[in-house]
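Data block for start_32.pdb (PDB, C-alpha atoms):
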```
MODEL        1
ATOM      1  CA  MET K   1     -66.616 -98.384-144.137  1.00  0.00           C
ATOM      2  CA  PHE K   2     -67.832 -95.718-141.737  1.00  0.00           C
ATOM      3  CA  GLY K   3     -68.523 -97.981-138.784  1.00  0.00           C
ATOM      4  CA  ALA K   4     -67.268 -97.688-135.229  1.00  0.00           C
ATOM      5  CA  ASP K   5     -63.895 -99.178-136.191  1.00  0.00           C
ATOM      6  CA  PHE K   6     -63.417 -96.482-138.845  1.00  0.00           C
ATOM      7  CA  PHE K   7     -63.949 -93.668-136.350  1.00  0.00           C
ATOM      8  CA  GLU K   8     -61.675 -95.348-133.809  1.00  0.00           C
ATOM      9  CA  ARG K   9     -58.953 -95.414-136.442  1.00  0.00           C
ATOM     10  CA  ALA K  10     -59.702 -91.802-137.371  1.00  0.00           C
ATOM     11  CA  ILE K  11     -59.222 -90.339-133.901  1.00  0.00           C
ATOM     12  CA  VAL K  12     -55.844 -92.091-133.667  1.00  0.00           C
ATOM     13  CA  GLY K  13     -54.531 -92.120-137.230  1.00  0.00           C
ATOM     14  CA  LEU K  14     -55.802 -88.805-138.587  1.00  0.00           C
ATOM     15  CA  PRO K  15     -53.872 -86.441-136.294  1.00  0.00           C
ATOM     16  CA  ILE K  16     -50.710 -88.547-136.627  1.00  0.00           C
ATOM     17  CA  LEU K  17     -50.881 -88.703-140.411  1.00  0.00           C
ATOM     18  CA  ILE K  18     -51.571 -84.981-140.803  1.00  0.00           C
ATOM     19  CA  LEU K  19     -48.710 -84.175-138.429  1.00  0.00           C
ATOM     20  CA  ALA K  20     -46.350 -86.586-140.192  1.00  0.00           C
ATOM     21  CA  LEU K  21     -47.098 -85.157-143.642  1.00  0.00           C
ATOM     22  CA  THR K  22     -46.927 -81.548-142.477  1.00  0.00           C
ATOM     23  CA  ILE K  23     -43.545 -81.965-140.808  1.00  0.00           C
ATOM     24  CA  HIS K  24     -42.280 -83.978-143.798  1.00  0.00           C
ATOM     25  CA  GLU K  25     -43.100 -81.138-146.211  1.00  0.00           C
ATOM     26  CA  TYR K  26     -41.895 -78.451-143.796  1.00  0.00           C
ATOM     27  CA  PHE K  27     -38.431 -79.991-143.701  1.00  0.00           C
ATOM     28  CA  HIS K  28     -38.286 -80.197-147.487  1.00  0.00           C
ATOM     29  CA  ALA K  29     -38.976 -76.447-147.556  1.00  0.00           C
ATOM     30  CA  TRP K  30     -36.601 -75.695-144.664  1.00  0.00           C
ATOM     31  CA  THR K  31     -33.728 -77.611-146.260  1.00  0.00           C
ATOM     32  CA  ALA K  32     -34.314 -75.939-149.624  1.00  0.00           C
ATOM     33  CA  LEU K  33     -34.060 -72.558-147.923  1.00  0.00           C
ATOM     34  CA  LYS K  34     -30.812 -73.571-146.228  1.00  0.00           C
ATOM     35  CA  PHE K  35     -29.370 -74.402-149.665  1.00  0.00           C
ATOM     36  CA  GLY K  36     -30.415 -71.031-151.082  1.00  0.00           C
ATOM     37  CA  ASP K  37     -33.885 -71.522-152.575  1.00  0.00           C
ATOM     38  CA  SER K  38     -36.669 -69.468-150.976  1.00  0.00           C
ATOM     39  CA  THR K  39     -39.402 -70.585-153.420  1.00  0.00           C
ATOM     40  CA  ALA K  40     -41.250 -72.747-150.902  1.00  0.00           C
ATOM     41  CA  ARG K  41     -40.990 -70.094-148.198  1.00  0.00           C
ATOM     42  CA  ASP K  42     -42.263 -67.419-150.569  1.00  0.00           C
ATOM     43  CA  MET K  43     -45.246 -69.625-151.456  1.00  0.00           C
ATOM     44  CA  GLY K  44     -46.170 -70.109-147.811  1.00  0.00           C
ATOM     45  CA  ARG K  45     -44.899 -73.664-147.516  1.00  0.00           C
ATOM     46  CA  LEU K  46     -42.346 -73.057-144.757  1.00  0.00           C
ATOM     47  CA  THR K  47     -45.008 -73.549-142.116  1.00  0.00           C
ATOM     48  CA  PHE K  48     -46.412 -76.107-139.691  1.00  0.00           C
ATOM     49  CA  PHE K  49     -49.965 -75.080-140.702  1.00  0.00           C
ATOM     50  CA  PRO K  50     -51.401 -78.311-142.205  1.00  0.00           C
ATOM     51  CA  PRO K  51     -53.789 -76.773-144.798  1.00  0.00           C
ATOM     52  CA  ALA K  52     -50.773 -75.234-146.548  1.00  0.00           C
ATOM     53  CA  HIS K  53     -49.507 -78.736-147.332  1.00  0.00           C
ATOM     54  CA  LEU K  54     -52.537 -81.009-147.654  1.00  0.00           C
ATOM     55  CA  ASP K  55     -53.489 -82.340-151.077  1.00  0.00           C
ATOM     56  CA  PHE K  56     -57.084 -83.232-152.019  1.00  0.00           C
ATOM     57  CA  MET K  57     -56.319 -86.648-153.510  1.00  0.00           C
ATOM     58  CA  GLY K  58     -53.783 -87.431-150.804  1.00  0.00           C
ATOM     59  CA  SER K  59     -56.389 -86.575-148.173  1.00  0.00           C
ATOM     60  CA  LEU K  60     -58.943 -88.776-149.927  1.00  0.00           C
ATOM     61  CA  VAL K  61     -56.490 -91.666-149.822  1.00  0.00           C
ATOM     62  CA  MET K  62     -56.101 -91.037-146.076  1.00  0.00           C
ATOM     63  CA  VAL K  63     -59.788 -91.842-145.682  1.00  0.00           C
ATOM     64  CA  ILE K  64     -59.757 -94.824-148.052  1.00  0.00           C
ATOM     65  CA  SER K  65     -56.688 -96.320-146.338  1.00  0.00           C
ATOM     66  CA  GLN K  66     -58.316 -95.712-142.943  1.00  0.00           C
ATOM     67  CA  PHE K  67     -55.612 -93.222-141.992  1.00  0.00           C
ATOM     68  CA  GLN K  68     -52.608 -95.446-142.552  1.00  0.00           C
ATOM     69  CA  PHE K  69     -51.352 -93.662-145.662  1.00  0.00           C
ATOM     70  CA  GLY K  70     -51.665 -90.448-147.689  1.00  0.00           C
ATOM     71  CA  TRP K  71     -49.625 -87.682-149.251  1.00  0.00           C
ATOM     72  CA  ALA K  72     -49.293 -83.909-149.314  1.00  0.00           C
ATOM     73  CA  LYS K  73     -48.560 -81.358-152.041  1.00  0.00           C
ATOM     74  CA  PRO K  74     -44.945 -81.472-153.269  1.00  0.00           C
ATOM     75  CA  VAL K  75     -42.759 -78.615-152.091  1.00  0.00           C
ATOM     76  CA  PRO K  76     -41.695 -76.404-155.036  1.00  0.00           C
ATOM     77  CA  VAL K  77     -37.938 -76.110-155.541  1.00  0.00           C
ATOM     78  CA  ASN K  78     -36.132 -73.970-158.110  1.00  0.00           C
ATOM     79  CA  PRO K  79     -32.827 -75.771-158.834  1.00  0.00           C
ATOM     80  CA  TYR K  80     -31.320 -72.601-160.327  1.00  0.00           C
ATOM     81  CA  ASN K  81     -31.336 -70.999-156.874  1.00  0.00           C
ATOM     82  CA  LEU K  82     -29.512 -73.859-155.169  1.00  0.00           C
ATOM     83  CA  ARG K  83     -25.889 -73.880-154.139  1.00  0.00           C
ATOM     84  CA  ASN K  84     -24.333 -77.136-155.418  1.00  0.00           C
ATOM     85  CA  PRO K  85     -27.649 -78.365-156.942  1.00  0.00           C
ATOM     86  CA  ARG K  86     -26.948 -82.122-156.853  1.00  0.00           C
ATOM     87  CA  VAL K  87     -25.908 -82.159-153.201  1.00  0.00           C
ATOM     88  CA  ALA K  88     -28.746 -79.785-152.348  1.00  0.00           C
ATOM     89  CA  ASP K  89     -31.383 -81.851-154.153  1.00  0.00           C
ATOM     90  CA  PHE K  90     -30.208 -85.016-152.411  1.00  0.00           C
ATOM     91  CA  TRP K  91     -30.552 -83.496-148.952  1.00  0.00           C
ATOM     92  CA  ILE K  92     -33.780 -81.636-149.735  1.00  0.00           C
ATOM     93  CA  SER K  93     -35.268 -84.965-150.828  1.00  0.00           C
ATOM     94  CA  PHE K  94     -33.821 -86.917-147.894  1.00  0.00           C
ATOM     95  CA  ALA K  95     -35.057 -84.321-145.376  1.00  0.00           C
ATOM     96  CA  GLY K  96     -38.648 -85.537-145.656  1.00  0.00           C
ATOM     97  CA  PRO K  97     -38.030 -89.222-144.844  1.00  0.00           C
ATOM     98  CA  LEU K  98     -35.490 -88.207-142.188  1.00  0.00           C
ATOM     99  CA  SER K  99     -38.153 -86.086-140.506  1.00  0.00           C
ATOM    100  CA  ASN K 100     -40.458 -89.104-140.405  1.00  0.00           C
ATOM    101  CA  ILE K 101     -37.735 -91.254-138.864  1.00  0.00           C
ATOM    102  CA  GLY K 102     -37.156 -88.537-136.273  1.00  0.00           C
ATOM    103  CA  GLN K 103     -40.866 -88.403-135.483  1.00  0.00           C
ATOM    104  CA  ALA K 104     -40.995 -92.191-135.166  1.00  0.00           C
ATOM    105  CA  ILE K 105     -38.175 -92.067-132.597  1.00  0.00           C
ATOM    106  CA  ILE K 106     -39.921 -89.327-130.603  1.00  0.00           C
ATOM    107  CA  PHE K 107     -43.197 -91.248-130.577  1.00  0.00           C
ATOM    108  CA  ALA K 108     -41.346 -94.405-129.526  1.00  0.00           C
ATOM    109  CA  VAL K 109     -39.878 -92.551-126.531  1.00  0.00           C
ATOM    110  CA  LEU K 110     -43.362 -91.293-125.620  1.00  0.00           C
ATOM    111  CA  PHE K 111     -44.795 -94.798-126.061  1.00  0.00           C
ATOM    112  CA  ARG K 112     -42.232 -96.403-123.770  1.00  0.00           C
ATOM    113  CA  ALA K 113     -42.532 -93.620-121.182  1.00  0.00           C
ATOM    114  CA  THR K 114     -46.321 -93.963-121.163  1.00  0.00           C
ATOM    115  CA  LEU K 115     -46.125 -97.728-120.685  1.00  0.00           C
ATOM    116  CA  ASN K 116     -43.698 -97.272-117.800  1.00  0.00           C
ATOM    117  CA  MET K 117     -46.207 -95.043-116.024  1.00  0.00           C
ATOM    118  CA  GLY K 118     -48.235 -98.147-115.291  1.00  0.00           C
ATOM    119  CA  TYR K 119     -51.922 -98.098-114.381  1.00  0.00           C
ATOM    120  CA  GLY K 120     -54.160 -95.093-114.859  1.00  0.00           C
ATOM    121  CA  VAL K 121     -52.821 -94.182-118.300  1.00  0.00           C
ATOM    122  CA  ASN K 122     -55.463 -93.459-120.924  1.00  0.00           C
ATOM    123  CA  PRO K 123     -55.165 -96.230-123.599  1.00  0.00           C
ATOM    124  CA  TYR K 124     -55.792 -93.595-126.269  1.00  0.00           C
ATOM    125  CA  PHE K 125     -52.326 -92.136-125.763  1.00  0.00           C
ATOM    126  CA  ILE K 126     -50.690 -95.557-125.943  1.00  0.00           C
ATOM    127  CA  ASN K 127     -52.483 -96.210-129.252  1.00  0.00           C
ATOM    128  CA  LEU K 128     -51.669 -92.690-130.474  1.00  0.00           C
ATOM    129  CA  PHE K 129     -47.941 -93.002-129.803  1.00  0.00           C
ATOM    130  CA  GLU K 130     -47.814 -96.497-131.284  1.00  0.00           C
ATOM    131  CA  ALA K 131     -49.543 -95.200-134.432  1.00  0.00           C
ATOM    132  CA  GLY K 132     -47.027 -92.355-134.505  1.00  0.00           C
ATOM    133  CA  VAL K 133     -44.219 -94.867-134.773  1.00  0.00           C
ATOM    134  CA  THR K 134     -45.896 -97.100-137.354  1.00  0.00           C
ATOM    135  CA  ILE K 135     -47.232 -94.407-139.680  1.00  0.00           C
ATOM    136  CA  ASN K 136     -43.985 -92.442-139.737  1.00  0.00           C
ATOM    137  CA  ILE K 137     -41.907 -95.537-140.475  1.00  0.00           C
ATOM    138  CA  ILE K 138     -44.253 -96.453-143.335  1.00  0.00           C
ATOM    139  CA  LEU K 139     -44.039 -92.941-144.788  1.00  0.00           C
ATOM    140  CA  ALA K 140     -40.249 -92.842-144.442  1.00  0.00           C
ATOM    141  CA  PHE K 141     -39.612 -96.115-146.253  1.00  0.00           C
ATOM    142  CA  PHE K 142     -42.343 -95.564-148.850  1.00  0.00           C
ATOM    143  CA  ASN K 143     -40.815 -92.230-149.823  1.00  0.00           C
ATOM    144  CA  LEU K 144     -37.399 -93.869-150.164  1.00  0.00           C
ATOM    145  CA  ILE K 145     -38.637 -96.055-153.043  1.00  0.00           C
ATOM    146  CA  PRO K 146     -36.536 -94.862-156.013  1.00  0.00           C
ATOM    147  CA  LEU K 147     -39.468 -94.187-158.336  1.00  0.00           C
ATOM    148  CA  PHE K 148     -40.504 -90.726-159.503  1.00  0.00           C
ATOM    149  CA  PRO K 149     -42.044 -88.615-157.978  1.00  0.00           C
ATOM    150  CA  LEU K 150     -40.955 -90.057-154.614  1.00  0.00           C
ATOM    151  CA  ASP K 151     -37.988 -88.680-152.673  1.00  0.00           C
ATOM    152  CA  GLY K 152     -35.963 -91.812-153.289  1.00  0.00           C
ATOM    153  CA  SER K 153     -35.970 -91.083-157.016  1.00  0.00           C
ATOM    154  CA  HIS K 154     -34.297 -87.694-156.487  1.00  0.00           C
ATOM    155  CA  MET K 155     -31.796 -89.222-154.084  1.00  0.00           C
ATOM    156  CA  LEU K 156     -30.824 -91.996-156.495  1.00  0.00           C
ATOM    157  CA  ARG K 157     -30.505 -89.565-159.404  1.00  0.00           C
ATOM    158  CA  ASN K 158     -28.071 -87.425-157.455  1.00  0.00           C
ATOM    159  CA  ILE K 159     -25.941 -90.408-156.430  1.00  0.00           C
ATOM    160  CA  LEU K 160     -25.569 -91.736-159.977  1.00  0.00           C
ATOM    161  CA  SER K 161     -22.892 -90.467-162.325  1.00  0.00           C
ATOM    162  CA  ASP K 162     -23.761 -88.140-165.201  1.00  0.00           C
ATOM    163  CA  LYS K 163     -23.531 -90.935-167.768  1.00  0.00           C
ATOM    164  CA  ASN K 164     -26.267 -92.867-165.934  1.00  0.00           C
ATOM    165  CA  GLN K 165     -28.730 -89.967-165.875  1.00  0.00           C
ATOM    166  CA  ILE K 166     -30.206 -91.137-169.171  1.00  0.00           C
ATOM    167  CA  TYR K 167     -31.393 -94.318-167.468  1.00  0.00           C
ATOM    168  CA  MET K 168     -33.100 -92.283-164.765  1.00  0.00           C
ATOM    169  CA  ASP K 169     -34.766 -90.157-167.445  1.00  0.00           C
ATOM    170  CA  GLN K 170     -36.139 -93.299-169.070  1.00  0.00           C
ATOM    171  CA  LEU K 171     -37.267 -94.736-165.720  1.00  0.00           C
ATOM    172  CA  ASP K 172     -38.986 -91.494-164.723  1.00  0.00           C
ATOM    173  CA  LYS K 173     -41.257 -91.713-167.776  1.00  0.00           C
ATOM    174  CA  ILE K 174     -42.847 -94.950-166.575  1.00  0.00           C
ATOM    175  CA  ALA K 175     -42.185 -94.618-162.834  1.00  0.00           C
ATOM    176  CA  PRO K 176     -45.628 -93.217-161.882  1.00  0.00           C
ATOM    177  CA  ILE K 177     -47.330 -96.137-163.640  1.00  0.00           C
ATOM    178  CA  LEU K 178     -44.992 -98.630-161.961  1.00  0.00           C
ATOM    179  CA  LEU K 179     -45.719 -97.011-158.609  1.00  0.00           C
ATOM    180  CA  ILE K 180     -49.478 -97.302-159.088  1.00  0.00           C
ATOM    181  CA  ILE K 181     -49.088-100.970-160.071  1.00  0.00           C
ATOM    182  CA  LEU K 182     -46.981-101.647-156.966  1.00  0.00           C
ATOM    183  CA  ILE K 183     -49.589-100.033-154.717  1.00  0.00           C
ATOM    184  CA  VAL K 184     -52.671-101.581-156.356  1.00  0.00           C
ATOM    185  CA  THR K 185     -51.167-105.084-156.347  1.00  0.00           C
ATOM    186  CA  GLY K 186     -49.774-104.723-152.835  1.00  0.00           C
ATOM    187  CA  VAL K 187     -46.244-105.515-154.024  1.00  0.00           C
ATOM    188  CA  HIS K 188     -45.007-102.317-152.388  1.00  0.00           C
ATOM    189  CA  TRP K 189     -45.931-103.800-149.019  1.00  0.00           C
ATOM    190  CA  ILE K 190     -44.066-107.024-149.803  1.00  0.00           C
ATOM    191  CA  ILE K 191     -40.988-104.844-150.371  1.00  0.00           C
ATOM    192  CA  LEU K 192     -41.501-102.436-147.472  1.00  0.00           C
ATOM    193  CA  GLY K 193     -43.113-104.777-144.949  1.00  0.00           C
ATOM    194  CA  PRO K 194     -39.927-106.400-143.604  1.00  0.00           C
ATOM    195  CA  PHE K 195     -38.198-103.024-143.159  1.00  0.00           C
ATOM    196  CA  VAL K 196     -41.232-101.514-141.436  1.00  0.00           C
ATOM    197  CA  THR K 197     -41.609-104.532-139.150  1.00  0.00           C
ATOM    198  CA  VAL K 198     -37.928-104.576-138.130  1.00  0.00           C
ATOM    199  CA  PHE K 199     -37.756-100.868-137.351  1.00  0.00           C
ATOM    200  CA  ARG K 200     -41.147-100.837-135.654  1.00  0.00           C
ATOM    201  CA  ASN K 201     -40.158-103.709-133.376  1.00  0.00           C
ATOM    202  CA  LEU K 202     -36.788-102.065-132.714  1.00  0.00           C
ATOM    203  CA  LEU K 203     -38.417 -98.817-131.598  1.00  0.00           C
ATOM    204  CA  LEU K 204     -41.399-100.223-129.734  1.00  0.00           C
ATOM    205  CA  GLY K 205     -39.599-103.168-128.149  1.00  0.00           C
TER     206      GLY K 205
ENDMDL
END
```
Is it possible to express this structure as structure tokens?
Amino acid sequence: MFGADFFERAIVGLPILILALTIHEYFHAWTALKFGDSTARDMGRLTFFPPAHLDFMGSLVMVISQFQFGWAKPVPVNPYNLRNPRVADFWISFAGPLSNIGQAIIFAVLFRATLNMGYGVNPYFINLFEAGVTINIILAFFNLIPLFPLDGSHMLRNILSDKNQIYMDQLDKIAPILLIILIVTGVHWIILGPFVTVFRNLLLG
């Protein structure tokens, strides 16, 4: 596991993944503050300092997945502080995946600009920017899966009518188990793979 290929992946994937997760969580906290809840800010989560966001198990998965995937600590939100809680919760949840899409676009611009520079460009930066696109797209679409505790679950709940909330409550009880099954069996990649491939090809050309 810890051969030369592992360390090559680490020097490319590790900084991208840490950056992607940190910015993802920062924008959850920033959006919550904009809607009136300062809980995350008060707990030191409105920051670009990675250790404030990194989770032990999520970091362990980074290593196991060879820096293609991982997660950070959830940003705390007090719904009682929010103006228009349902609208607020939707956008607080969506802010994370949106930040990853934004990062993917920025890295795509850097990737294309670097390629256009021609000879003399360090291949490390080409690989770094390409990884920036891929990893952020994966994180964006993974978090949009409508299973608790992912962002997509909050978004779906806030789109549904009040009478359908009971179904979300029932789904949330088994959602973490379903999510683990999807990941362990690789079914999540069957679902996400086409979306990731299309958007990756669109951005990278």
- Query: How many Å separate atom CA of K:Leu128 from atom CA of K:Met57?
  - Reply: 24.3 Å
What are the nearest atom pairs, with distances in Å to one decimal, for all residues of stretch 31-103 of chain K that come at most 12 Å from stretch 173-193 of chain K, using all atoms listed in the file, set out by chain and rising residue number as JSON lines?
```
{"residue": "K:Val61", "atom": "CA", "partner": "K:Ile183", "partner_atom": "CA", "distance": 11.9}
{"residue": "K:Ser65", "atom": "CA", "partner": "K:Ile183", "partner_atom": "CA", "distance": 11.6}
{"residue": "K:Phe69", "atom": "CA", "partner": "K:Ile183", "partner_atom": "CA", "distance": 11.2}
```
- Within 10 Å of stretch 42-51 of chain K, counting only C-alpha atoms, which residues show up once you throw out same-chain ones fewer than 2 positions away? Write them as a PyMOL selection string, please. chain K and resi 18-33+37-40+53-55+72-76
Output of the above residues as a compact mmCIF listing (two decimals), keeping the file's coordinate frame, restricted to C-alpha atoms:
```txt
# COMPACT_ATOMS: atom_id res chain seq x y z
CA ILE K 18 -51.57 -84.98 -140.80
CA LEU K 19 -48.71 -84.18 -138.43
CA ALA K 20 -46.35 -86.59 -140.19
CA LEU K 21 -47.10 -85.16 -143.64
CA THR K 22 -46.93 -81.55 -142.48
CA ILE K 23 -43.54 -81.96 -140.81
CA HIS K 24 -42.28 -83.98 -143.80
CA GLU K 25 -43.10 -81.14 -146.21
CA TYR K 26 -41.90 -78.45 -143.80
CA PHE K 27 -38.43 -79.99 -143.70
CA HIS K 28 -38.29 -80.20 -147.49
CA ALA K 29 -38.98 -76.45 -147.56
CA TRP K 30 -36.60 -75.69 -144.66
CA THR K 31 -33.73 -77.61 -146.26
CA ALA K 32 -34.31 -75.94 -149.62
CA LEU K 33 -34.06 -72.56 -147.92
CA ASP K 37 -33.88 -71.52 -152.57
CA SER K 38 -36.67 -69.47 -150.98
CA THR K 39 -39.40 -70.58 -153.42
CA ALA K 40 -41.25 -72.75 -150.90
CA HIS K 53 -49.51 -78.74 -147.33
CA LEU K 54 -52.54 -81.01 -147.65
CA ASP K 55 -53.49 -82.34 -151.08
CA ALA K 72 -49.29 -83.91 -149.31
CA LYS K 73 -48.56 -81.36 -152.04
CA PRO K 74 -44.94 -81.47 -153.27
CA VAL K 75 -42.76 -78.61 -152.09
CA PRO K 76 -41.70 -76.40 -155.04
```
- Which residues, written as a PyMOL selection string, have at least one atom at most 9 Å from K:Pro97, with only C-alpha atoms counted and residues fewer than 6 positions away on the same chain left out? chain K and resi 24+136-137+139-144+151
- Separation of atom CA of K:Phe6 and atom CA of K:Ile101, in Å? 26.2 Å
- Task: Name the residues captured by the PyMOL selection byres ((chain K and resi 133) around 8) when it is applied to the shown file; answer as a PyMOL selection string.
- Result: chain K and resi 103-105+107-108+129-132+134-137+200+203-204
Export C-alpha atoms of the chosen residues as a PDB file, in the coordinates of the input?
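To be explicit, this is the file written out as result.pdb:
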```pdb
ATOM      1  CA  GLN K 103     -40.866 -88.403-135.483  1.00  0.00           C
ATOM      2  CA  ALA K 104     -40.995 -92.191-135.166  1.00  0.00           C
ATOM      3  CA  ILE K 105     -38.175 -92.067-132.597  1.00  0.00           C
ATOM      4  CA  PHE K 107     -43.197 -91.248-130.577  1.00  0.00           C
ATOM      5  CA  ALA K 108     -41.346 -94.405-129.526  1.00  0.00           C
ATOM      6  CA  PHE K 129     -47.941 -93.002-129.803  1.00  0.00           C
ATOM      7  CA  GLU K 130     -47.814 -96.497-131.284  1.00  0.00           C
ATOM      8  CA  ALA K 131     -49.543 -95.200-134.432  1.00  0.00           C
ATOM      9  CA  GLY K 132     -47.027 -92.355-134.505  1.00  0.00           C
ATOM     10  CA  THR K 134     -45.896 -97.100-137.354  1.00  0.00           C
ATOM     11  CA  ILE K 135     -47.232 -94.407-139.680  1.00  0.00           C
ATOM     12  CA  ASN K 136     -43.985 -92.442-139.737  1.00  0.00           C
ATOM     13  CA  ILE K 137     -41.907 -95.537-140.475  1.00  0.00           C
ATOM     14  CA  ARG K 200     -41.147-100.837-135.654  1.00  0.00           C
ATOM     15  CA  LEU K 203     -38.417 -98.817-131.598  1.00  0.00           C
ATOM     16  CA  LEU K 204     -41.399-100.223-129.734  1.00  0.00           C
TER      17      LEU K 204
END
```
Stretch 92-148 of chain K near stretch 152-162 of chain K within 8 Å: what's each residue's closest atom pair and its distance in Å to one decimal, counting only C-alpha atoms, ordered by chain then ascending residue number, as CSV?
```
residue,atom,partner,partner_atom,distance
K:Ser93,CA,K:His154,CA,6.4
K:Phe94,CA,K:Met155,CA,6.9
K:Asn143,CA,K:Gly152,CA,6.0
K:Leu144,CA,K:Gly152,CA,4.0
K:Ile145,CA,K:Gly152,CA,5.0
K:Pro146,CA,K:Ser153,CA,4.0
K:Leu147,CA,K:Ser153,CA,4.9
K:Phe148,CA,K:Ser153,CA,5.2
```
- Calculate how many Å separate atom CA of K:Asn84 from atom CA of K:Trp71, rounding to one decimal.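 The value is 28.1 Å.
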- Item | Residue among K:Ile106, K:Ala52, K:Val198, K:Met168 lying closest to K:Pro149, counting only C-alpha atoms |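 Smallest separation from K:Pro149 among the options: K:Met168.
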- Message: Between K:Arg112, K:Lys34, K:Arg83, K:Arg41, which residue has the minimum interatomic distance to K:Ala95, considering only C-alpha atoms?
- Response: K:Lys34
